[in-house]
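Below you'll find the structure, written out as structure tokens, and then a few comments.
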Protein chains: 2
Amino acid sequence: MTEDRLAPDALRRFGSQVLRAVGVPAPDAALVAESLVQADLWGHGSHGLLRLPWYAARLRSGAVQAVTEPVVLSDTGPLVLLDGRDGVGQVLADRARVLATERARQHGVGVVGVRNSNHFGTAMWFTRRAARDGYVAVLTTNASPAMAPWGGREKRIGTNPWSIAAPGPDGRVLALDIANTAVARGKIHLAQSRGEPIPGSWALTADGRPTTDPAEGLLGVVLPMAGHKGYAIAFMMDVLSGALTGSAVGTGVHGPYEPEARSGCGHLFLVLDPEAFGDRAGYEARVRQLVEEVTSVPLAQDADEVLTPGEVEDRAEAASLAAGGVVLARGALAELQRLATETGVPFPGGVRA
Amino acid sequence: MTEDRLAPDALRRFGSQVLRAVGVPAPDAALVAESLVQADLWGHGSHGLLRLPWYAARLRSGAVQAVTEPVVLSDTGPLVLLDGRDGVGQVLADRARVLATERARQHGVGVVGVRNSNHFGTAMWFTRRAARDGYVAVLTTNASPAMAPWGGREKRIGTNPWSIAAPGPDGRVLALDIANTAVARGKIHLAQSRGEPIPGSWALTADGRPTTDPAEGLLGVVLPMAGHKGYAIAFMMDVLSGALTGSAVGTGVHGPYEPEARSGCGHLFLVLDPEAFGDRAGYEARVRQLVEEVTSVPLAQDADEVLTPGEVEDRAEAASLAAGGVVLARGALAELQRLATETGVPFPGGVRA
């Protein structure tokens, strides 16, 4: 297939310049652009540069404050609570990471709660950074309503993603990033466009019946992953991220697709220092054992190999870089080119690969 | 149906006396017995008094030390690491709860890692206690291999349960307790005994094919919940519970059904104090909002109502108490009566209800 591959550097520069054009200070703009392009490199286009036009709209409306100026509401040493004052989600999550890591270095554990934040993109981007620095990290967030509680048929609770990352063997990182829905809506769209049925565990119709028809599912509501378990996890992630931090909860949280509503979402960032648990060499040996055991297991039918958490993303990144860059979806490209025109920032040319 | 209901108090006394007969000090014996009977009250018979004969066997073999004497390996203030020295899992998890709560009261956050522990029963029993005391709690553990990594066909990773609990409205508690398997093996046994097929997402055959035949599934291996997501979660729970705490990991962990092997399992207990995040009244209002929003949602077909996390257990307990006690499975009863004979502790009589 012939497709345009875009160099990550050029995309980062573009993203950064667009954000600066709508008032975001240079270092913050660079951080947001880097995190979005990284999601594209990991193969998570739904959280990649595609998001930029929505972010720009919210920045222009003032729903997101372009200049992120959090204030510290409480500080016990190992625990800090920040009021994000509607600043940029990525900038706030990264401040939380830096602060939680610093406190973990001092106390063995660091916890930073953030209230009044915004969509921060991919949770794994922040936890992986902490893991690369040698720490074990957990990040939770709440999000705008996206699924029905188990037994209900209307959206009342967010996908409320959460991520855990940890140092792995040989300088690698182990990382998971979980949305608590059975499936991303994009996959239902894909099934519809291919004329294929969907599994009965993915969605309900608008009147609350399980369905295998993607069109009906899109008019209805996505179900939680693992049934009632995913609902309970999403609920408790809202307690950790919203109720505990003093942010909005449930339907009080607004999403990145609404140009004018305050988000009100909150996050909880936990960092643990393996040094505080004893010898780092022992930690590394145990993690290596775990990796070796799972990757050497006899294979299931149709499986080529067993991967460790986060390895899918590592491989996607390596493949994108080897191929010369990132491929953006046609729709995303059109939106970004429109944004380029609006902001006067030239959109980078691709390399036909 | 006519069945014997056993009074919880009598069962607790029996469990406690049996444990004392095999060398467990009185307060620890009472704690273990209470936690087991509570699981029966919650409707989780698989984690109830049924476990007592296995525990007794491990205590008699010396695989579990009857006298639990943990030592503190490190202590930063908010973070403590305990070596459980092969003591009783429930006793160690409860020490971790008390310690983490005490530290959270001082520092806003308390983390206690436990290495060289044993099966602790139901994670929710400990996190609910912390929540009842006004704290938000997270508890993770690793466990003996029970499922295949995603793409594999042999057991290499435990169910690695984890629990989150938090204070809810009106003195109630919100709590989840998740095993990362798609299903408990008991449900596959049940389908087999009823001659019913199982969903294709539950188990693989011994040669690694998905199957809907319960007999084939029982010879093969249980799959993770939510496919690759459940595998990644179980993996990371082993990192938190085993690798980080300095305990065993992966196939190095031995389960409660092996009478003679050291367990080597580890736990991580995290407690957060809502006071440290600002006003408790605000926390309570937000949690109330969340509960009201999910429970007032229009219902899916065939649903009678929406429950909050932990409400299933609360209702089961209320129903058992109203009916006059707990019903134990026939097999469990026979095992417990044999244990009564062996230890010379009289088994309580039931009330025909």
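Each chain in the structure tokens gets a letter, A, B, ..., in the order shown, and its residues are numbered from 1; ligands are numbered from 1 in order too.
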Original post:
What residues in segment 134-253 of chain A get the DSSP label strand (DSSP E or B)? Please answer as a ChimeraX atom specification.
Top reply: /A:136-141,147,152,157,162-167,173-178,181,203-204,210,221-222,224
Subject >> Selection near segment 261-266 of chain A, 10 Å with only C-alpha atoms, sequence-local residues under 2 positions removed, as a PyMOL selection string >> reply: chain A and resi 58+61-65+82-87+89+92-93+113-120+140-144+160+238-250+252-259+268
Go ahead and write the selection's residues with N, CA and C atoms as a compact mmCIF listing (two decimals), in the first residue's frame.
# COMPACT_ATOMS: atom_id res chain seq x y z
N ARG A 58 -10.87 23.71 22.49
CA ARG A 58 -11.12 23.94 23.92
C ARG A 58 -10.20 25.04 24.47
N SER A 61 -11.73 28.35 23.29
CA SER A 61 -12.97 28.74 23.99
C SER A 61 -12.70 29.15 25.43
N GLY A 62 -11.51 28.80 25.92
CA GLY A 62 -11.20 29.08 27.31
C GLY A 62 -11.64 27.97 28.26
N ALA A 63 -12.23 26.88 27.72
CA ALA A 63 -12.61 25.74 28.58
C ALA A 63 -11.34 25.15 29.21
N VAL A 64 -10.26 25.13 28.43
CA VAL A 64 -8.94 24.77 28.96
C VAL A 64 -8.11 26.05 29.04
N GLN A 65 -7.51 26.29 30.18
CA GLN A 65 -6.63 27.45 30.32
C GLN A 65 -5.30 27.16 29.62
N LEU A 82 -2.97 18.92 44.14
CA LEU A 82 -2.89 20.08 43.27
C LEU A 82 -4.27 20.46 42.76
N ASP A 83 -4.54 21.75 42.70
CA ASP A 83 -5.69 22.23 41.93
C ASP A 83 -5.16 22.65 40.57
N GLY A 84 -5.61 21.95 39.54
CA GLY A 84 -5.10 22.22 38.19
C GLY A 84 -5.69 23.46 37.56
N ARG A 85 -6.71 24.02 38.18
CA ARG A 85 -7.36 25.24 37.70
C ARG A 85 -7.63 25.23 36.19
N ASP A 86 -8.13 24.09 35.72
CA ASP A 86 -8.56 23.94 34.32
C ASP A 86 -7.42 24.08 33.32
N GLY A 87 -6.20 23.80 33.78
CA GLY A 87 -5.06 23.86 32.86
C GLY A 87 -5.02 22.65 31.94
N GLY A 89 -4.30 19.13 30.53
CA GLY A 89 -4.24 17.84 31.21
C GLY A 89 -2.85 17.20 31.19
N LEU A 92 -0.49 19.02 33.54
CA LEU A 92 -0.79 18.73 34.95
C LEU A 92 -0.37 17.31 35.33
N ALA A 93 -0.66 16.34 34.46
CA ALA A 93 -0.27 14.95 34.75
C ALA A 93 1.24 14.84 34.84
N GLY A 113 -2.50 13.97 43.96
CA GLY A 113 -3.85 14.08 43.42
C GLY A 113 -3.96 15.38 42.64
N VAL A 114 -4.71 15.35 41.55
CA VAL A 114 -4.94 16.56 40.75
C VAL A 114 -6.44 16.73 40.58
N ARG A 115 -6.93 17.90 40.96
CA ARG A 115 -8.34 18.19 40.68
C ARG A 115 -8.44 19.28 39.60
N ASN A 116 -9.59 19.38 38.98
CA ASN A 116 -9.84 20.41 37.97
C ASN A 116 -8.79 20.38 36.87
N SER A 117 -8.63 19.21 36.28
CA SER A 117 -7.68 19.02 35.21
C SER A 117 -8.43 18.89 33.88
N ASN A 118 -7.76 18.33 32.90
CA ASN A 118 -8.35 18.08 31.60
C ASN A 118 -7.83 16.76 31.06
N HIS A 119 -8.40 16.31 29.96
CA HIS A 119 -7.96 15.10 29.28
C HIS A 119 -6.44 15.14 29.11
N PHE A 120 -5.76 14.06 29.54
CA PHE A 120 -4.29 14.09 29.48
C PHE A 120 -3.73 13.19 28.39
N THR A 140 -4.33 7.00 37.65
CA THR A 140 -5.75 6.82 37.34
C THR A 140 -6.35 8.17 36.94
N THR A 141 -7.42 8.10 36.15
CA THR A 141 -8.15 9.33 35.83
C THR A 141 -9.63 9.00 35.73
N ASN A 142 -10.47 9.98 35.93
CA ASN A 142 -11.85 9.78 35.51
C ASN A 142 -12.06 10.51 34.19
N ALA A 143 -13.22 10.30 33.59
CA ALA A 143 -13.46 10.82 32.24
C ALA A 143 -14.96 10.98 32.07
N SER A 144 -15.34 11.64 30.99
CA SER A 144 -16.77 11.91 30.76
C SER A 144 -17.53 10.60 30.54
N ASN A 160 -12.66 5.82 32.33
CA ASN A 160 -11.81 5.95 33.51
C ASN A 160 -10.52 5.13 33.45
N ASP A 238 -13.25 6.26 39.53
CA ASP A 238 -13.86 7.58 39.69
C ASP A 238 -13.74 8.03 41.15
N VAL A 239 -13.89 7.09 42.07
CA VAL A 239 -13.72 7.42 43.49
C VAL A 239 -12.28 7.91 43.73
N LEU A 240 -11.30 7.18 43.20
CA LEU A 240 -9.89 7.56 43.41
C LEU A 240 -9.55 8.88 42.72
N SER A 241 -10.03 9.03 41.48
CA SER A 241 -9.57 10.16 40.65
C SER A 241 -10.40 11.41 40.87
N GLY A 242 -11.69 11.24 41.12
CA GLY A 242 -12.60 12.37 41.22
C GLY A 242 -13.02 12.67 42.65
N ALA A 243 -13.66 11.69 43.29
CA ALA A 243 -14.21 11.94 44.63
C ALA A 243 -13.11 12.26 45.63
N LEU A 244 -12.02 11.51 45.58
CA LEU A 244 -10.94 11.69 46.55
C LEU A 244 -10.18 13.00 46.33
N THR A 245 -9.96 13.36 45.06
CA THR A 245 -9.14 14.55 44.78
C THR A 245 -9.95 15.84 44.87
N GLY A 246 -11.28 15.71 44.97
CA GLY A 246 -12.10 16.93 45.03
C GLY A 246 -12.42 17.48 43.66
N SER A 247 -12.41 16.60 42.66
CA SER A 247 -12.75 17.01 41.31
C SER A 247 -14.21 16.65 41.04
N ALA A 248 -14.65 16.77 39.79
CA ALA A 248 -16.01 16.33 39.46
C ALA A 248 -16.03 14.81 39.38
N VAL A 249 -17.23 14.22 39.47
CA VAL A 249 -17.40 12.77 39.33
C VAL A 249 -18.58 12.50 38.40
N GLY A 250 -18.64 11.26 37.90
CA GLY A 250 -19.78 10.78 37.11
C GLY A 250 -20.10 11.70 35.94
N GLY A 252 -20.71 14.69 35.98
CA GLY A 252 -20.15 16.03 36.14
C GLY A 252 -18.86 16.26 35.36
N VAL A 253 -18.29 15.18 34.82
CA VAL A 253 -17.04 15.30 34.06
C VAL A 253 -17.38 15.49 32.58
N HIS A 254 -16.71 16.45 31.93
CA HIS A 254 -16.95 16.70 30.51
C HIS A 254 -15.72 16.32 29.68
N GLY A 255 -16.01 15.87 28.47
CA GLY A 255 -14.97 15.26 27.65
C GLY A 255 -14.30 16.21 26.69
N PRO A 256 -13.24 15.73 26.04
CA PRO A 256 -12.44 16.57 25.15
C PRO A 256 -13.14 16.92 23.85
N TYR A 257 -14.30 16.32 23.57
CA TYR A 257 -14.99 16.63 22.31
C TYR A 257 -15.98 17.77 22.46
N GLU A 258 -16.18 18.22 23.69
CA GLU A 258 -17.08 19.35 23.90
C GLU A 258 -16.22 20.61 23.92
N PRO A 259 -16.40 21.51 22.97
CA PRO A 259 -15.45 22.63 22.89
C PRO A 259 -15.52 23.61 24.05
N LEU A 268 -5.09 10.62 39.91
CA LEU A 268 -4.30 10.23 41.08
C LEU A 268 -3.03 9.56 40.58
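For the pair atom CA of Ala329 of chain A and atom CA of Ala21 of chain A, the interatomic distance is 23.9 Å.
The shortest atom-to-atom distance to chain B, with only C-alpha atoms taken into account, belongs to A:Asp75 out of A:Glu196, A:Asp314, A:Asp75, A:Asp170.
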**OP:** Pick out each residue of segment 253-302 of chain B that DSSP on the backbone tags as helix (DSSP H, G or I); I need them as a VMD selection string.
**Re:** chain B and resid 274 to 277 280 to 295
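Across the model, the gap from atom CA of Met236 of chain A to atom CA of Glu293 of chain B is 14.0 Å.
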Subject >> Selection near segment 4-14 of chain B, 9 Å with only C-alpha atoms, sequence-local residues under 6 positions removed, as a ChimeraX atom specification >> reply: /B:30,32-38,40-41,49,320-321,323-328,340,345-353
Subject >> Shell around Pro149 of chain A at 9 Å using only C-alpha atoms, local window under 2 positions removed, as a PyMOL selection string >> reply: (chain A and resi 147+151-157+223-224+228+231-232+235) or (chain B and resi 294-295+297+306-308)
**OP:** Would you list the contacts of segment 202-216 of chain B as a PyMOL selection string, taking every protein, DNA or RNA residue within 6 Å and counting only C-alpha atoms, but skipping same-chain residues closer than 5 positions in sequence?
**Re:** (chain A and resi 300-301) or (chain B and resi 153+182+188+192+197+221-223)
